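One file, coords08.txt, is given below (compact mmCIF, C-alpha atoms and all ligand atoms).
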# COMPACT_ATOMS: atom_id res chain seq x y z
CA MET V 15 82.17 118.77 58.65
CA LYS V 16 80.40 120.42 61.50
CA ILE V 17 81.78 117.87 63.97
CA LYS V 18 85.34 118.41 62.75
CA LYS V 19 85.04 122.13 63.12
CA SER V 20 83.71 121.94 66.67
CA SER V 21 86.37 119.45 67.70
CA PHE V 22 89.03 121.78 66.29
CA ILE V 23 87.58 124.64 68.34
CA LEU V 24 87.56 122.41 71.42
CA THR V 25 91.19 121.39 70.90
CA ALA V 26 92.18 125.03 70.48
CA ALA V 27 90.22 125.99 73.60
CA ILE V 28 91.94 123.25 75.61
CA ALA V 29 95.35 124.44 74.40
CA VAL V 30 94.62 128.03 75.45
CA LEU V 31 93.22 126.96 78.82
CA LEU V 32 96.17 124.65 79.49
CA ILE V 33 98.58 127.52 78.96
CA ALA V 34 96.48 129.64 81.32
CA ALA V 35 96.29 126.81 83.87
CA VAL V 36 100.06 126.33 83.90
CA SER V 37 100.61 130.00 84.54
CA PHE V 38 97.96 130.11 87.32
CA SER V 39 98.83 126.85 89.06
CA GLY V 40 101.87 125.96 91.05
CA CYS V 41 103.28 127.71 94.06
CA LEU V 42 100.77 130.47 94.60
CA ASP V 43 101.08 130.26 98.35
CA PHE V 44 102.91 128.22 100.93
CA GLY V 45 100.30 128.52 103.62
CA HIS V 46 100.09 124.88 104.62
CA ASP V 47 101.23 121.33 104.16
CA HIS V 48 98.99 120.50 101.25
CA ASP V 49 99.95 123.34 99.08
CA ASP V 50 103.64 123.18 98.51
CA CYS V 51 105.11 122.05 95.24
CA SER V 52 107.28 119.31 96.61
CA ASP V 53 107.47 116.02 94.77
CA HIS V 54 106.94 114.41 98.15
CA ASP V 55 103.32 115.47 98.31
CA HIS V 56 101.65 112.05 97.96
CA GLY V 57 101.90 112.35 94.20
CA ASP V 58 103.17 109.72 91.84
CA PRO V 59 104.73 111.56 88.86
CA ASN V 60 103.85 108.55 86.68
CA ALA V 61 100.21 108.48 87.76
CA ALA V 62 98.11 107.65 84.73
CA TYR V 63 94.62 108.75 83.85
CA ASP V 64 92.52 106.05 82.25
CA PRO V 65 90.75 107.87 79.40
CA LEU V 66 87.11 107.25 78.49
CA ASP V 67 86.77 104.48 75.92
CA ASP V 68 84.80 104.91 72.68
CA GLU V 69 81.75 103.09 73.99
CA SER V 70 81.57 105.37 77.04
CA ILE V 71 82.01 108.47 74.89
CA ASP V 72 79.20 107.29 72.59
CA SER V 73 76.85 106.66 75.50
CA VAL V 74 77.56 110.14 76.87
CA LEU V 75 77.16 111.83 73.48
CA ASN V 76 73.92 109.99 72.68
CA GLY V 77 72.51 110.89 76.10
CA SER V 78 72.08 107.34 77.43
CA LYS V 79 74.56 108.10 80.24
CA ILE V 80 75.59 111.17 82.20
CA LEU V 81 79.28 111.92 82.62
CA VAL V 82 80.08 113.09 86.15
CA ALA V 83 83.54 114.37 87.01
CA ALA V 84 85.08 114.65 90.46
CA SER V 85 88.48 115.40 91.96
CA VAL V 86 89.43 112.15 93.75
CA ILE V 87 88.83 108.43 93.19
CA PRO V 88 86.66 107.75 96.29
CA GLN V 89 84.17 110.27 94.90
CA THR V 90 83.79 108.14 91.76
CA GLU V 91 82.69 105.29 94.03
CA PHE V 92 80.04 107.56 95.61
CA ILE V 93 78.88 108.77 92.17
CA GLU V 94 78.58 105.23 90.81
CA LYS V 95 76.72 104.05 93.92
CA VAL V 96 74.15 106.85 93.59
CA GLY V 97 74.07 107.10 89.80
CA GLY V 98 74.02 103.36 89.11
CA SER V 99 73.53 102.49 85.45
CA ARG V 100 72.79 106.12 84.57
CA VAL V 101 76.31 107.50 85.06
CA ILE V 102 79.96 107.30 84.10
CA ALA V 103 82.29 108.81 86.69
CA ILE V 104 85.81 110.14 86.17
CA SER V 105 88.33 111.39 88.69
CA MET V 106 90.46 114.31 87.55
CA ILE V 107 93.21 113.30 90.00
CA PRO V 108 94.18 109.82 88.77
CA PRO V 109 95.11 106.92 91.10
CA GLY V 110 98.33 107.67 92.91
CA ALA V 111 98.54 111.35 91.97
CA GLY V 112 98.70 114.11 94.57
CA HIS V 113 97.20 117.51 95.30
CA ASN V 114 99.48 119.25 92.82
CA PHE V 115 98.59 117.10 89.84
CA ASP V 116 98.06 118.88 86.53
CA PRO V 117 95.47 117.33 84.19
CA SER V 118 96.43 116.28 80.67
CA PRO V 119 94.78 117.59 77.47
CA ARG V 120 93.03 114.22 77.11
CA GLN V 121 91.49 114.62 80.58
CA LEU V 122 90.24 118.07 79.69
CA GLU V 123 88.74 116.68 76.50
CA ASP V 124 86.83 114.10 78.58
CA LEU V 125 85.86 116.76 81.11
CA SER V 126 84.39 118.90 78.33
CA LYS V 127 81.62 116.25 78.03
CA ALA V 128 80.74 116.21 81.76
CA ARG V 129 77.28 117.30 82.84
CA LEU V 130 78.16 117.58 86.53
CA TYR V 131 81.28 118.21 88.63
CA MET V 132 81.29 117.08 92.24
CA GLN V 133 83.75 119.53 93.71
CA LEU V 134 85.37 118.60 97.03
CA GLY V 135 84.99 122.23 98.05
CA SER V 136 87.28 121.71 101.05
CA GLY V 137 90.13 123.94 99.93
CA GLU V 138 91.64 121.16 97.83
CA PRO V 139 94.75 122.66 96.13
CA PHE V 140 93.99 120.78 92.89
CA GLU V 141 90.62 122.52 92.70
CA ARG V 142 92.08 125.90 93.57
CA ASN V 143 94.53 125.44 90.71
CA HIS V 144 92.17 124.06 88.09
CA MET V 145 88.44 124.64 88.76
CA ARG V 146 88.45 127.90 86.84
CA THR V 147 89.88 126.11 83.81
CA PHE V 148 87.26 123.38 84.10
CA THR V 149 84.31 125.75 84.28
CA GLN V 150 85.65 127.90 81.45
CA LEU V 151 86.11 124.83 79.30
CA ASN V 152 82.66 123.46 80.12
CA PRO V 153 80.41 126.38 81.13
CA ASN V 154 77.25 124.22 81.01
CA MET V 155 78.57 121.81 83.63
CA THR V 156 76.74 122.02 86.97
CA VAL V 157 79.19 122.30 89.89
CA ILE V 158 78.07 120.94 93.27
CA ASN V 159 80.01 121.42 96.52
CA SER V 160 80.51 118.05 98.24
CA SER V 161 81.48 119.78 101.49
CA GLU V 162 78.14 121.49 101.99
CA GLY V 163 76.96 120.33 105.42
CA ILE V 164 80.43 119.21 106.55
CA THR V 165 82.26 121.11 109.28
CA LEU V 166 85.73 121.55 107.83
CA ILE V 167 88.92 121.24 109.86
CA GLY V 168 90.48 124.68 109.43
CA SER V 169 89.07 127.17 106.98
CA GLY V 170 89.74 128.72 103.60
CA ARG V 171 93.20 128.06 102.30
CA SER V 172 94.30 126.31 105.47
CA ALA V 173 91.38 123.86 105.54
CA ASP V 174 92.21 120.15 105.58
CA PRO V 175 91.00 119.02 102.13
CA HIS V 176 90.72 115.26 102.87
CA ILE V 177 87.01 115.17 103.80
CA TRP V 178 86.41 111.75 102.20
CA THR V 179 88.49 109.81 104.76
CA SER V 180 85.69 109.99 107.34
CA PRO V 181 82.64 107.80 106.65
CA ARG V 182 80.50 110.39 108.46
CA CYS V 183 81.65 113.00 105.97
CA ALA V 184 81.15 110.46 103.17
CA ILE V 185 77.46 110.21 104.12
CA VAL V 186 77.13 113.98 103.57
CA MET V 187 79.11 113.73 100.33
CA VAL V 188 76.75 111.00 99.08
CA GLU V 189 73.76 113.19 99.97
CA ASN V 190 75.35 116.04 97.98
CA THR V 191 75.99 113.63 95.10
CA TYR V 192 72.28 112.80 95.11
CA ARG V 193 71.49 116.52 95.05
CA GLY V 194 73.77 117.00 92.03
CA LEU V 195 72.38 114.09 90.04
CA ALA V 196 68.78 115.03 90.82
CA ALA V 197 69.52 118.57 89.63
CA VAL V 198 70.97 117.55 86.26
CA ASP V 199 68.64 114.59 85.67
CA PRO V 200 65.40 115.24 87.59
CA ALA V 201 63.50 112.58 85.59
CA ASN V 202 65.49 109.91 87.44
CA ALA V 203 65.57 111.57 90.87
CA SER V 204 63.67 108.75 92.59
CA TYR V 205 66.13 106.17 91.21
CA TYR V 206 69.03 108.22 92.58
CA ARG V 207 67.23 108.66 95.91
CA ALA V 208 66.78 104.91 96.36
CA ASN V 209 70.44 104.24 95.44
CA ALA V 210 71.67 106.97 97.80
CA ASP V 211 69.53 105.65 100.67
CA ALA V 212 70.87 102.12 100.18
CA TYR V 213 74.50 103.26 100.14
CA ILE V 214 74.02 105.66 103.07
CA ALA V 215 72.65 102.70 105.07
CA GLU V 216 75.88 100.81 104.33
CA LEU V 217 77.97 103.81 105.36
CA GLU V 218 75.96 104.19 108.57
CA SER V 219 76.63 100.60 109.51
CA LEU V 220 80.33 101.09 108.67
CA ASP V 221 80.33 104.14 110.94
CA ALA V 222 78.69 102.16 113.78
CA GLU V 223 81.20 99.36 113.29
CA LEU V 224 84.18 101.77 113.39
CA THR V 225 82.80 103.63 116.41
CA ASP V 226 82.51 100.34 118.26
CA MET V 227 85.86 98.99 117.02
CA LEU V 228 87.79 102.14 117.95
CA SER V 229 86.17 102.89 121.30
CA GLY V 230 88.13 100.77 123.75
CA MET V 231 91.74 101.43 122.80
CA SER V 232 94.36 102.48 125.33
CA SER V 233 96.19 104.76 122.88
CA ARG V 234 94.37 107.26 120.64
CA ASN V 235 97.47 108.32 118.67
CA PHE V 236 98.77 107.07 115.35
CA MET V 237 101.42 108.32 112.95
CA VAL V 238 100.92 108.96 109.26
CA TYR V 239 103.31 110.00 106.54
CA HIS V 240 100.94 112.36 104.72
CA PRO V 241 98.20 113.81 106.98
CA ALA V 242 95.22 112.49 105.00
CA TRP V 243 93.33 111.10 108.03
CA GLY V 244 92.33 114.26 109.88
CA TYR V 245 88.55 113.78 109.47
CA PHE V 246 88.75 110.08 110.30
CA ALA V 247 90.73 110.96 113.44
CA ARG V 248 88.30 113.72 114.43
CA ASP V 249 85.20 111.58 114.00
CA TYR V 250 86.57 108.58 115.93
CA ASN V 251 88.31 110.56 118.63
CA LEU V 252 91.83 109.72 117.44
CA ASN V 253 94.91 111.84 116.88
CA GLN V 254 97.05 111.69 113.74
CA ILE V 255 100.66 112.81 113.99
CA ALA V 256 102.13 113.58 110.56
CA ILE V 257 105.73 112.66 109.77
CA GLU V 258 105.76 114.53 106.48
CA VAL V 259 107.20 117.93 107.29
CA ASP V 260 106.00 120.60 104.87
CA GLY V 261 105.67 117.98 102.15
CA LYS V 262 109.23 116.74 102.59
CA GLU V 263 110.90 113.56 103.81
CA PRO V 264 111.86 113.75 107.49
CA SER V 265 115.50 114.67 108.06
CA PRO V 266 117.71 112.51 110.35
CA ARG V 267 116.97 115.01 113.13
CA ASP V 268 113.22 114.75 112.44
CA ILE V 269 113.50 110.95 112.60
CA VAL V 270 114.96 111.12 116.12
CA ARG V 271 112.29 113.63 117.12
CA PHE V 272 109.46 111.43 115.77
CA ILE V 273 110.87 108.31 117.47
CA ASN V 274 110.69 110.20 120.77
CA ILE V 275 107.17 111.47 120.02
CA ALA V 276 106.09 107.90 119.19
CA LYS V 277 107.50 106.56 122.46
CA GLU V 278 105.96 109.35 124.53
CA ASN V 279 102.55 108.86 122.91
CA ASN V 280 102.41 105.09 123.05
CA ILE V 281 102.24 104.83 119.25
CA SER V 282 102.40 101.45 117.51
CA VAL V 283 101.29 102.21 113.94
CA ILE V 284 102.59 104.34 111.07
CA PHE V 285 100.47 104.64 107.94
CA VAL V 286 102.21 105.33 104.65
CA GLN V 287 100.91 105.46 101.10
CA GLU V 288 102.19 103.23 98.35
CA GLN V 289 103.23 106.13 96.20
CA VAL V 290 105.56 107.83 98.65
CA SER V 291 108.96 106.87 99.94
CA VAL V 292 108.68 104.79 103.08
CA THR V 293 112.34 105.20 104.07
CA GLY V 294 111.79 107.81 106.77
CA ALA V 295 108.70 106.06 108.13
CA THR V 296 110.51 102.73 108.32
CA ALA V 297 113.47 104.28 110.14
CA ILE V 298 111.09 105.84 112.66
CA ALA V 299 109.14 102.59 113.15
CA GLU V 300 112.38 100.67 113.72
CA GLY V 301 113.36 103.26 116.30
CA PHE V 302 110.32 102.61 118.50
CA GLY V 303 109.40 99.06 117.55
CA GLY V 304 106.23 99.99 115.66
CA SER V 305 104.76 98.70 112.39
CA VAL V 306 104.42 100.41 109.02
CA TYR V 307 101.18 99.82 107.11
CA VAL V 308 100.54 100.80 103.53
CA ILE V 309 97.12 102.47 103.40
CA ASP V 310 95.72 104.27 100.38
CA PRO V 311 93.36 107.11 101.32
CA LEU V 312 92.39 107.30 97.64
CA ALA V 313 91.28 103.67 97.23
CA LYS V 314 88.18 103.04 95.13
CA ASN V 315 86.67 100.27 97.31
CA TYR V 316 85.71 102.78 99.98
CA ILE V 317 83.90 100.69 102.58
CA GLU V 318 86.41 97.81 102.56
CA ASN V 319 89.30 100.27 102.73
CA MET V 320 87.89 102.20 105.71
CA ARG V 321 87.07 98.97 107.53
CA TYR V 322 90.67 97.79 107.00
CA VAL V 323 92.04 101.07 108.41
CA GLY V 324 89.80 100.64 111.48
CA GLN V 325 90.85 97.03 111.96
CA VAL V 326 94.58 97.87 111.79
CA LEU V 327 94.16 100.65 114.36
CA ALA V 328 91.95 98.59 116.65
CA GLU V 329 94.29 95.61 116.56
CA LYS V 330 97.57 97.51 116.96
CA MET V 331 96.42 100.12 119.46
CA ALA V 332 94.41 97.84 121.73
ZN ZN V 401 96.60 114.59 100.79
Let me see the structure of the file written as structure tokens.
Amino acid sequence: MKIKKSSFILTAAIAVLLIAAVSFSGCLDFGHDHDDCSDHDHGDPNAAYDPLDDESIDSVLNGSKILVAASVIPQTEFIEKVGGSRVIAISMIPPGAGHNFDPSPRQLEDLSKARLYMQLGSGEPFERNHMRTFTQLNPNMTVINSSEGITLIGSGRSADPHIWTSPRCAIVMVENTYRGLAAVDPANASYYRANADAYIAELESLDAELTDMLSGMSSRNFMVYHPAWGYFARDYNLNQIAIEVDGKEPSPRDIVRFINIAKENNISVIFVQEQVSVTGATAIAEGFGGSVYVIDPLAKNYIENMRYVGQVLAEKMA
């Protein structure tokens, strides 16, 4: 009886907060590329959240596991690497969804059980739109800023939110993940410390590998559809040129302009994401004889994914 009553209150609370979230989210400002409400933001409108199964919910409710929420999929990899068998990680932005994704009632129900939220803290539009709802829904949830210790590109509302695409930033994010888990579960801090150290060692060797791989190239420039690779470019002395113009497909005039930019800058590679239209990118690549590669900045297998990105750049820009 007691359980039914509290779940009714939770459902009612979610309904109220969803209405509030819808009225607060959306086009609050048009300050930069990542904040417009275009469908062309790298969002898949059919992106699906995989809800917690009954077994996971039981293990969270009985205290045998800690539910940790985050904003993007690569963070769930970091959380699982540090938290090991102690944690279940969920990403509030599901695979394929973009910065302007709105969480479903089922996601909020799962979130209401989280003990910790690893916030990107890098001006991510999704967090600007929804963090207040999350903390109102789950006031006991500890919120940790993953960006603490990272020098952001831009600041405030115009900051580049994609901190996770640089392994050097990922090392800091993993350190912050350790800090969060140790805060909510101090009894297991040494377990988390050992896991974090092991994963940081892997990230450091990835960083060394990428630094070496990307050092001797004649061109430092690459094109991307959605500018998700700013931190990667900064940390390996590269330059990303974004084709996406204010979250929209390039116009025929833009295509001509980008073909010329590609020729002038000795560009051979365009990165696109599976979820977005590749029409404009393909037209541009055909115009200068370059190649289009599908790269997902939100892939779960972080180390393999970053290594692949480095290999494509090193091979094509040599
Ligand atoms: Zn993005």
- Task: Would you list the contacts of segment 252-254 of chain V as a ChimeraX atom specification, taking every protein, DNA or RNA residue within 10 Å and counting only C-alpha atoms, but skipping same-chain residues closer than 2 positions in sequence?
- Result: /V:228-229,231,233-250,256-257,284-285,327
- Check the smallest atom-to-atom distance from each of V:Glu223, V:Asp68, V:Asp174, V:Glu123 to ligand ZN 401 (chain V) using all atoms listed in the file, then report the winner. V:Asp174
Neighbour list for Ala61 of chain V as an mmCIF file with C-alpha atoms, in the frame of the given file, cut-off 10 Å, all atoms listed in the file, skip fewer than 5 positions in-chain:
data_model
loop_
_atom_site.group_PDB
_atom_site.id
_atom_site.type_symbol
_atom_site.label_atom_id
_atom_site.label_comp_id
_atom_site.auth_asym_id
_atom_site.auth_seq_id
_atom_site.Cartn_x
_atom_site.Cartn_y
_atom_site.Cartn_z
ATOM 1 C CA ILE V 107 93.210 113.300 90.000
ATOM 2 C CA PRO V 108 94.180 109.820 88.770
ATOM 3 C CA PRO V 109 95.110 106.920 91.100
ATOM 4 C CA GLY V 110 98.330 107.670 92.910
ATOM 5 C CA ALA V 111 98.540 111.350 91.970
ATOM 6 C CA GLY V 112 98.700 114.110 94.570
ATOM 7 C CA PHE V 115 98.590 117.100 89.840
ATOM 8 C CA GLN V 289 103.230 106.130 96.200
#
- Message: Between atom CA of Asp268 of chain V and atom CA of Pro139 of chain V, what distance in Å does the model show, to one decimal?
- Response: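 So the two atoms, atom CA of Asp268 of chain V and atom CA of Pro139 of chain V, lie 25.9 Å apart.
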- Item | Of the listed residues V:Ile167, V:Val86, V:Met132, V:Leu220, that which approaches ligand ZN 401 (chain V) most closely, counting all atoms listed in the file |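 Ranking V:Ile167, V:Val86, V:Met132, V:Leu220 by distance to ligand ZN 401 (chain V), first place goes to V:Val86.
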- Tell me which of V:Gly301, V:Gly135, V:Pro65, V:Gly98 sits closest to Asn190 of chain V, counting only C-alpha atoms. V:Gly135
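The gap separating atom CA of Lys314 of chain V from atom CA of Ala297 of chain V is 29.4 Å, in Å to one decimal.
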- Mind pulling up the distance from atom CA of Asp199 of chain V to atom CA of Ile87 of chain V?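 About the pair atom CA of Ile87 of chain V and atom CA of Asp199 of chain V: they are 22.4 Å apart.
Considering all atoms listed in the file, the residue among V:Ser180, V:Gln150, V:Asn315, V:Ser282 positioned nearest to Ala332 of chain V is V:Ser282.
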- Message: What's around Arg100 of chain V at 9 Å? Count all atoms listed in the file, leave out sequence neighbours fewer than 6 positions away in its own chain, and write the answer as a PyMOL selection string.
- Response: chain V and resi 78-81+94+202
- Of the candidates V:Val292, V:Val283, V:Glu278, V:Glu318, which one gets nearest to Ser305 of chain V if we count all atoms listed in the file? V:Val283
List the neighbours of Gln121 of chain V out to 8 Å using all atoms listed in the file; skip same-chain residues closer than 4 positions along the sequence, and give me the result as a tab-separated table (two decimals) with C-alpha atoms, in the frame of the given file.
chain	number	residue	atom	x	y	z
V	63	TYR	CA	94.62	108.75	83.85
V	65	PRO	CA	90.75	107.87	79.40
V	106	MET	CA	90.46	114.31	87.55
V	117	PRO	CA	95.47	117.33	84.19
V	125	LEU	CA	85.86	116.76	81.11
- Task: Determine, counting only C-alpha atoms, which protein, DNA and RNA residues have an atom within 8 Å of an atom of Thr191 of chain V; residues of the same chain fewer than 5 positions away are not included. Present the result as a PyMOL selection string.
- Result: chain V and resi 92-93+96+132+158+160
- Task: Take the point (85.7, 119.6, 95.3) in the file's coordinates, draw a sphere of radius 7 Å around it, and report as an MDAnalysis selection string every protein, DNA or RNA residue with an atom inside or on it, counting all atoms listed in the file.
- Result: chainID V and resid 84:85 132:136 138 141 159:160
- Closest to ligand ZN 401 (chain V) among V:Tyr205, V:Tyr316, V:Trp178, V:Phe272, using only C-alpha atoms and all ligand atoms?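 Nearest to ligand ZN 401 (chain V): V:Trp178.
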